[in-house]
Amino acid sequence: MTTLFDLPTSPSVPVLGESAGFPVRRIFCVGRNYADHAREMGAEPDREAPFYFTKSPWAICPSGATIAYPPGTANCHYEMELVVAIGAPAFRIAAADALSAVFGYACGFDMTRRDLQNAAKDKGRPWDLGKDFENAAVMAPITRAAAFGTVGDQAIRLTQNGTVKQDSVLSDMIFSVPELIADLSKFYHLAPGDLIYTGTPAGVGPIAAGDVLVGTIDGLLPVELTIGAAE
């Protein structure tokens, strides 16, 4: 069947030291996966079950970019996260085996139109307008899992214009990477190209035109973003 028009190819993320990029298939995001962040958002943390939201692959934004202040919001926030890149099929996989599906890891920003998200929450509506928009999934190049090693007590930090705003360790995640993969694989056939943003520590806050955001995780390339004026 012919099509009425052509669509762009799937966005891809660079891989450290390699010429081929990692094509993005789907983006899953974990909500409230650090206890201190859950509390700052007005909720008590628990281990009942992780919960998720999604972003379109077209939300991908490369590290080092300068973007316009996002449209439709007066309160856009940064959220610094560990991103897991899936490199092998996983369906109903056990947590003990889940790391076999991991291709690598990266630093990422889950940009959030907080005013739109909160308005949707108040009305019991989906968060799509608050979470899924252009340049809302910022990513540094991916480091292969073997080069990064085990996810443990690596520091995760974000600075805004040189001031530390988020400062935690990956071991503070409520649900570990293997647990998240195992749980997601109950509901989806995870496949190469899928990304999982694993949640953010406390300290999220608003951005403004002129801001420079830098996110770091020990052992990974940093993610950087400059905020320009609104369009």
# chains A, B, ... in the order shown; residues from 1 in each chain; ligands from 1

$ residues_around --residues "Gly64 (chain A)" --least-positions-apart "5" --cutoff "8 Å" --atoms "only C-alpha atoms" --output "list in words"
Val223, Glu224, Leu225 and Thr226 of chain A

$ write_last_selection --atoms "N, CA, C and O atoms" --output "PDB file, in the first residue's frame"
ATOM      1  N   VAL A 223      24.101  14.837  30.885  1.00  0.00           N
ATOM      2  CA  VAL A 223      23.082  15.369  29.995  1.00  0.00           C
ATOM      3  C   VAL A 223      22.988  16.865  30.248  1.00  0.00           C
ATOM      4  O   VAL A 223      22.997  17.317  31.398  1.00  0.00           O
ATOM      5  N   GLU A 224      22.928  17.641  29.159  1.00  0.00           N
ATOM      6  CA  GLU A 224      22.923  19.093  29.280  1.00  0.00           C
ATOM      7  C   GLU A 224      21.823  19.688  28.411  1.00  0.00           C
ATOM      8  O   GLU A 224      21.514  19.174  27.336  1.00  0.00           O
ATOM      9  N   LEU A 225      21.231  20.779  28.879  1.00  0.00           N
ATOM     10  CA  LEU A 225      20.144  21.433  28.158  1.00  0.00           C
ATOM     11  C   LEU A 225      20.150  22.929  28.490  1.00  0.00           C
ATOM     12  O   LEU A 225      20.298  23.307  29.655  1.00  0.00           O
ATOM     13  N   THR A 226      19.997  23.746  27.456  1.00  0.00           N
ATOM     14  CA  THR A 226      19.859  25.198  27.622  1.00  0.00           C
ATOM     15  C   THR A 226      18.455  25.601  27.223  1.00  0.00           C
ATOM     16  O   THR A 226      17.931  25.157  26.199  1.00  0.00           O
TER      17      THR A 226
END

$ select_by_dssp --residues "region 60-194 of chain A" --states "strand (DSSP E)" --output "PDB file with N, CA and C atoms, in the first residue's frame"
ATOM      1  N   ILE A  60      12.066  12.845  22.101  1.00  0.00           N
ATOM      2  CA  ILE A  60      13.515  12.759  22.310  1.00  0.00           C
ATOM      3  C   ILE A  60      14.207  14.057  21.900  1.00  0.00           C
ATOM      4  N   CYS A  61      15.121  14.492  22.764  1.00  0.00           N
ATOM      5  CA  CYS A  61      15.928  15.695  22.520  1.00  0.00           C
ATOM      6  C   CYS A  61      17.365  15.366  22.875  1.00  0.00           C
ATOM      7  N   PRO A  62      18.337  15.659  22.009  1.00  0.00           N
ATOM      8  CA  PRO A  62      19.724  15.303  22.303  1.00  0.00           C
ATOM      9  C   PRO A  62      20.346  16.199  23.356  1.00  0.00           C
ATOM     10  N   ALA A  65      21.464  20.389  23.482  1.00  0.00           N
ATOM     11  CA  ALA A  65      20.571  21.224  22.678  1.00  0.00           C
ATOM     12  C   ALA A  65      20.165  22.488  23.427  1.00  0.00           C
ATOM     13  N   THR A  66      19.776  23.491  22.649  1.00  0.00           N
ATOM     14  CA  THR A  66      19.091  24.673  23.173  1.00  0.00           C
ATOM     15  C   THR A  66      17.669  24.620  22.644  1.00  0.00           C
ATOM     16  N   ILE A  67      16.701  24.633  23.552  1.00  0.00           N
ATOM     17  CA  ILE A  67      15.304  24.526  23.138  1.00  0.00           C
ATOM     18  C   ILE A  67      14.527  25.764  23.574  1.00  0.00           C
ATOM     19  N   ALA A  68      13.461  26.062  22.869  1.00  0.00           N
ATOM     20  CA  ALA A  68      12.572  27.128  23.296  1.00  0.00           C
ATOM     21  C   ALA A  68      11.831  26.689  24.559  1.00  0.00           C
ATOM     22  N   CYS A  76       7.140  24.915  33.745  1.00  0.00           N
ATOM     23  CA  CYS A  76       7.804  23.702  33.262  1.00  0.00           C
ATOM     24  C   CYS A  76       8.940  23.339  34.221  1.00  0.00           C
ATOM     25  N   HIS A  77       9.024  22.052  34.582  1.00  0.00           N
ATOM     26  CA  HIS A  77      10.016  21.577  35.551  1.00  0.00           C
ATOM     27  C   HIS A  77      11.023  20.633  34.900  1.00  0.00           C
ATOM     28  N   TYR A  78      12.212  20.588  35.501  1.00  0.00           N
ATOM     29  CA  TYR A  78      13.223  19.574  35.185  1.00  0.00           C
ATOM     30  C   TYR A  78      13.016  18.379  36.124  1.00  0.00           C
ATOM     31  N   MET A  80      15.635  14.960  36.750  1.00  0.00           N
ATOM     32  CA  MET A  80      16.826  14.209  36.376  1.00  0.00           C
ATOM     33  C   MET A  80      16.611  12.711  36.632  1.00  0.00           C
ATOM     34  N   GLU A  81      16.979  11.862  35.638  1.00  0.00           N
ATOM     35  CA  GLU A  81      16.689  10.436  35.767  1.00  0.00           C
ATOM     36  C   GLU A  81      17.771   9.546  35.140  1.00  0.00           C
ATOM     37  N   LEU A  82      17.860   8.320  35.657  1.00  0.00           N
ATOM     38  CA  LEU A  82      18.593   7.249  34.990  1.00  0.00           C
ATOM     39  C   LEU A  82      17.679   6.663  33.925  1.00  0.00           C
ATOM     40  N   VAL A  83      18.195   6.538  32.699  1.00  0.00           N
ATOM     41  CA  VAL A  83      17.428   5.949  31.605  1.00  0.00           C
ATOM     42  C   VAL A  83      18.011   4.573  31.283  1.00  0.00           C
ATOM     43  N   VAL A  84      17.134   3.587  31.186  1.00  0.00           N
ATOM     44  CA  VAL A  84      17.534   2.223  30.829  1.00  0.00           C
ATOM     45  C   VAL A  84      17.151   1.977  29.374  1.00  0.00           C
ATOM     46  N   ALA A  85      18.102   1.547  28.563  1.00  0.00           N
ATOM     47  CA  ALA A  85      17.862   1.221  27.159  1.00  0.00           C
ATOM     48  C   ALA A  85      17.751  -0.294  27.015  1.00  0.00           C
ATOM     49  N   ILE A  86      16.628  -0.738  26.465  1.00  0.00           N
ATOM     50  CA  ILE A  86      16.385  -2.176  26.300  1.00  0.00           C
ATOM     51  C   ILE A  86      16.987  -2.647  24.972  1.00  0.00           C
ATOM     52  N   VAL A 102      18.935  -5.585  29.136  1.00  0.00           N
ATOM     53  CA  VAL A 102      19.442  -4.205  29.150  1.00  0.00           C
ATOM     54  C   VAL A 102      20.587  -4.038  28.155  1.00  0.00           C
ATOM     55  N   PHE A 103      20.445  -3.073  27.267  1.00  0.00           N
ATOM     56  CA  PHE A 103      21.522  -2.706  26.354  1.00  0.00           C
ATOM     57  C   PHE A 103      22.497  -1.747  27.034  1.00  0.00           C
ATOM     58  N   GLY A 104      21.952  -0.750  27.730  1.00  0.00           N
ATOM     59  CA  GLY A 104      22.824   0.236  28.354  1.00  0.00           C
ATOM     60  C   GLY A 104      22.040   1.237  29.178  1.00  0.00           C
ATOM     61  N   TYR A 105      22.755   2.276  29.617  1.00  0.00           N
ATOM     62  CA  TYR A 105      22.184   3.275  30.512  1.00  0.00           C
ATOM     63  C   TYR A 105      22.598   4.676  30.055  1.00  0.00           C
ATOM     64  N   ALA A 106      21.798   5.653  30.436  1.00  0.00           N
ATOM     65  CA  ALA A 106      22.102   7.034  30.069  1.00  0.00           C
ATOM     66  C   ALA A 106      21.497   7.986  31.093  1.00  0.00           C
ATOM     67  N   CYS A 107      21.998   9.211  31.105  1.00  0.00           N
ATOM     68  CA  CYS A 107      21.398  10.301  31.866  1.00  0.00           C
ATOM     69  C   CYS A 107      20.286  10.930  31.036  1.00  0.00           C
ATOM     70  N   GLY A 108      19.196  11.298  31.690  1.00  0.00           N
ATOM     71  CA  GLY A 108      18.089  11.918  30.961  1.00  0.00           C
ATOM     72  C   GLY A 108      17.319  12.905  31.807  1.00  0.00           C
ATOM     73  N   PHE A 109      16.643  13.833  31.129  1.00  0.00           N
ATOM     74  CA  PHE A 109      15.709  14.757  31.771  1.00  0.00           C
ATOM     75  C   PHE A 109      14.286  14.410  31.333  1.00  0.00           C
ATOM     76  N   ASP A 110      13.420  14.205  32.301  1.00  0.00           N
ATOM     77  CA  ASP A 110      11.986  14.082  32.043  1.00  0.00           C
ATOM     78  C   ASP A 110      11.392  15.469  32.257  1.00  0.00           C
ATOM     79  N   THR A 112       8.692  18.370  32.367  1.00  0.00           N
ATOM     80  CA  THR A 112       7.289  18.239  32.781  1.00  0.00           C
ATOM     81  C   THR A 112       6.608  19.599  32.836  1.00  0.00           C
ATOM     82  N   ARG A 113       5.495  19.727  32.109  1.00  0.00           N
ATOM     83  CA  ARG A 113       4.671  20.931  32.232  1.00  0.00           C
ATOM     84  C   ARG A 113       3.802  20.743  33.486  1.00  0.00           C
ATOM     85  N   ALA A 137      11.889  14.582  26.463  1.00  0.00           N
ATOM     86  CA  ALA A 137      12.702  13.439  26.875  1.00  0.00           C
ATOM     87  C   ALA A 137      14.138  13.696  26.406  1.00  0.00           C
ATOM     88  N   VAL A 138      14.887  14.392  27.226  1.00  0.00           N
ATOM     89  CA  VAL A 138      16.262  14.763  26.876  1.00  0.00           C
ATOM     90  C   VAL A 138      17.192  13.618  27.275  1.00  0.00           C
ATOM     91  N   MET A 139      18.140  13.277  26.399  1.00  0.00           N
ATOM     92  CA  MET A 139      19.021  12.144  26.677  1.00  0.00           C
ATOM     93  C   MET A 139      20.452  12.405  26.267  1.00  0.00           C
ATOM     94  N   THR A 143      25.638   4.552  27.407  1.00  0.00           N
ATOM     95  CA  THR A 143      26.812   3.736  27.729  1.00  0.00           C
ATOM     96  C   THR A 143      26.363   2.289  27.840  1.00  0.00           C
ATOM     97  N   ARG A 144      27.047   1.411  27.155  1.00  0.00           N
ATOM     98  CA  ARG A 144      26.665  -0.006  27.221  1.00  0.00           C
ATOM     99  C   ARG A 144      26.724  -0.514  28.663  1.00  0.00           C
ATOM    100  N   ALA A 155      26.045   8.301  42.448  1.00  0.00           N
ATOM    101  CA  ALA A 155      25.392   9.588  42.693  1.00  0.00           C
ATOM    102  C   ALA A 155      24.628  10.036  41.461  1.00  0.00           C
ATOM    103  N   ILE A 156      23.445  10.614  41.676  1.00  0.00           N
ATOM    104  CA  ILE A 156      22.647  11.212  40.614  1.00  0.00           C
ATOM    105  C   ILE A 156      22.373  12.654  41.028  1.00  0.00           C
ATOM    106  N   ARG A 157      22.752  13.617  40.150  1.00  0.00           N
ATOM    107  CA  ARG A 157      22.660  15.032  40.520  1.00  0.00           C
ATOM    108  C   ARG A 157      22.182  15.860  39.338  1.00  0.00           C
ATOM    109  N   LEU A 158      21.588  16.998  39.653  1.00  0.00           N
ATOM    110  CA  LEU A 158      21.244  18.000  38.648  1.00  0.00           C
ATOM    111  C   LEU A 158      21.637  19.368  39.171  1.00  0.00           C
ATOM    112  N   THR A 159      22.266  20.160  38.290  1.00  0.00           N
ATOM    113  CA  THR A 159      22.549  21.554  38.620  1.00  0.00           C
ATOM    114  C   THR A 159      21.790  22.453  37.660  1.00  0.00           C
ATOM    115  N   GLN A 160      21.325  23.564  38.185  1.00  0.00           N
ATOM    116  CA  GLN A 160      20.644  24.592  37.408  1.00  0.00           C
ATOM    117  C   GLN A 160      21.474  25.866  37.536  1.00  0.00           C
ATOM    118  N   THR A 163      24.055  25.635  40.305  1.00  0.00           N
ATOM    119  CA  THR A 163      23.593  25.360  41.664  1.00  0.00           C
ATOM    120  C   THR A 163      22.973  23.970  41.736  1.00  0.00           C
ATOM    121  N   VAL A 164      23.422  23.167  42.706  1.00  0.00           N
ATOM    122  CA  VAL A 164      22.889  21.812  42.848  1.00  0.00           C
ATOM    123  C   VAL A 164      21.439  21.881  43.310  1.00  0.00           C
ATOM    124  N   LYS A 165      20.566  21.223  42.552  1.00  0.00           N
ATOM    125  CA  LYS A 165      19.136  21.185  42.867  1.00  0.00           C
ATOM    126  C   LYS A 165      18.663  19.780  43.244  1.00  0.00           C
ATOM    127  N   GLN A 166      19.249  18.759  42.637  1.00  0.00           N
ATOM    128  CA  GLN A 166      18.903  17.377  42.945  1.00  0.00           C
ATOM    129  C   GLN A 166      20.186  16.629  43.273  1.00  0.00           C
ATOM    130  N   ASP A 167      20.171  15.842  44.331  1.00  0.00           N
ATOM    131  CA  ASP A 167      21.387  15.150  44.782  1.00  0.00           C
ATOM    132  C   ASP A 167      20.975  13.902  45.549  1.00  0.00           C
ATOM    133  N   SER A 168      21.160  12.730  44.951  1.00  0.00           N
ATOM    134  CA  SER A 168      20.749  11.487  45.576  1.00  0.00           C
ATOM    135  C   SER A 168      21.668  10.371  45.085  1.00  0.00           C
ATOM    136  N   VAL A 169      21.269   9.141  45.318  1.00  0.00           N
ATOM    137  CA  VAL A 169      21.995   7.970  44.811  1.00  0.00           C
ATOM    138  C   VAL A 169      20.984   7.016  44.184  1.00  0.00           C
ATOM    139  N   ASP A 194      13.249   0.179  23.162  1.00  0.00           N
ATOM    140  CA  ASP A 194      12.458   0.738  24.256  1.00  0.00           C
ATOM    141  C   ASP A 194      13.374   1.410  25.274  1.00  0.00           C
TER     142      ASP A 194
END

$ residues_around --residues "Val30 (chain A)" --least-positions-apart "5" --cutoff "6 Å" --atoms "only C-alpha atoms" --output "list in words"
Phe51, Tyr52, Thr198 and Gly199 of chain A

$ residues_around --residues "Ala191 (chain A)" --least-positions-apart "5" --cutoff "7 Å" --atoms "only C-alpha atoms" --output "list in words"
Ile86, Gly87, Ala88, Pro89 and Ala90 of chain A

$ closest_residue --among "A:Gly31, A:Gly215, A:Gly193, A:Gly124" --to "Ser12 (chain A)" --atoms "only C-alpha atoms"
A:Gly193

$ closest_residue --among "A:His189, A:Pro11, A:Tyr69, A:Leu180" --to "Gly210 (chain A)" --atoms "only C-alpha atoms"
A:Tyr69

$ closest_residue --among "A:Val214, A:Cys29, A:Ala101, A:Leu4" --to "Gly162 (chain A)" --atoms "only C-alpha atoms"
A:Val214

$ atom_distance --atom1 "CA of Asp115 (chain A)" --atom2 "CA of Gly72 (chain A)"
9.5 Å

$ residues_around --residues "Ala74 (chain A)" --least-positions-apart "6" --cutoff "10 Å" --atoms "only C-alpha atoms" --output "PDB file with C-alpha atoms, in the first residue's frame"
ATOM      1  CA  ARG A 113       4.671  20.931  32.232  1.00  0.00           C
ATOM      2  CA  ARG A 114       3.795  20.820  35.918  1.00  0.00           C
ATOM      3  CA  ASP A 115       0.835  23.183  35.769  1.00  0.00           C
ATOM      4  CA  LEU A 116      -0.810  21.078  33.069  1.00  0.00           C
ATOM      5  CA  PRO A 206      10.845  25.268  37.485  1.00  0.00           C
ATOM      6  CA  ILE A 207      12.971  26.333  34.546  1.00  0.00           C
ATOM      7  CA  ALA A 208      13.274  29.768  32.961  1.00  0.00           C
TER       8      ALA A 208
END

$ closest_residue --among "A:Leu213, A:Val13, A:Ile196, A:Ile181" --to "Ser100 (chain A)" --atoms "only C-alpha atoms"
A:Ile181

$ atom_distance --atom1 "CA of Met111 (chain A)" --atom2 "CA of Leu190 (chain A)"
23.4 Å

$ select_by_dssp --residues "region 58-121 of chain A" --states "helix (DSSP H, G or I)" --output "ChimeraX atom specification"
/A:58-59,95-101,114-121

$ closest_residue --among "A:Phe187, A:Arg39, A:Phe28, A:Val151" --to "Leu170 (chain A)" --atoms "only C-alpha atoms"
A:Val151

$ atom_distance --atom1 "CA of Ala140 (chain A)" --atom2 "CA of Asp97 (chain A)"
26.3 Å

$ closest_residue --among "A:Pro222, A:Thr216, A:Arg25, A:Tyr188" --to "Ile93 (chain A)" --atoms "only C-alpha atoms"
A:Tyr188
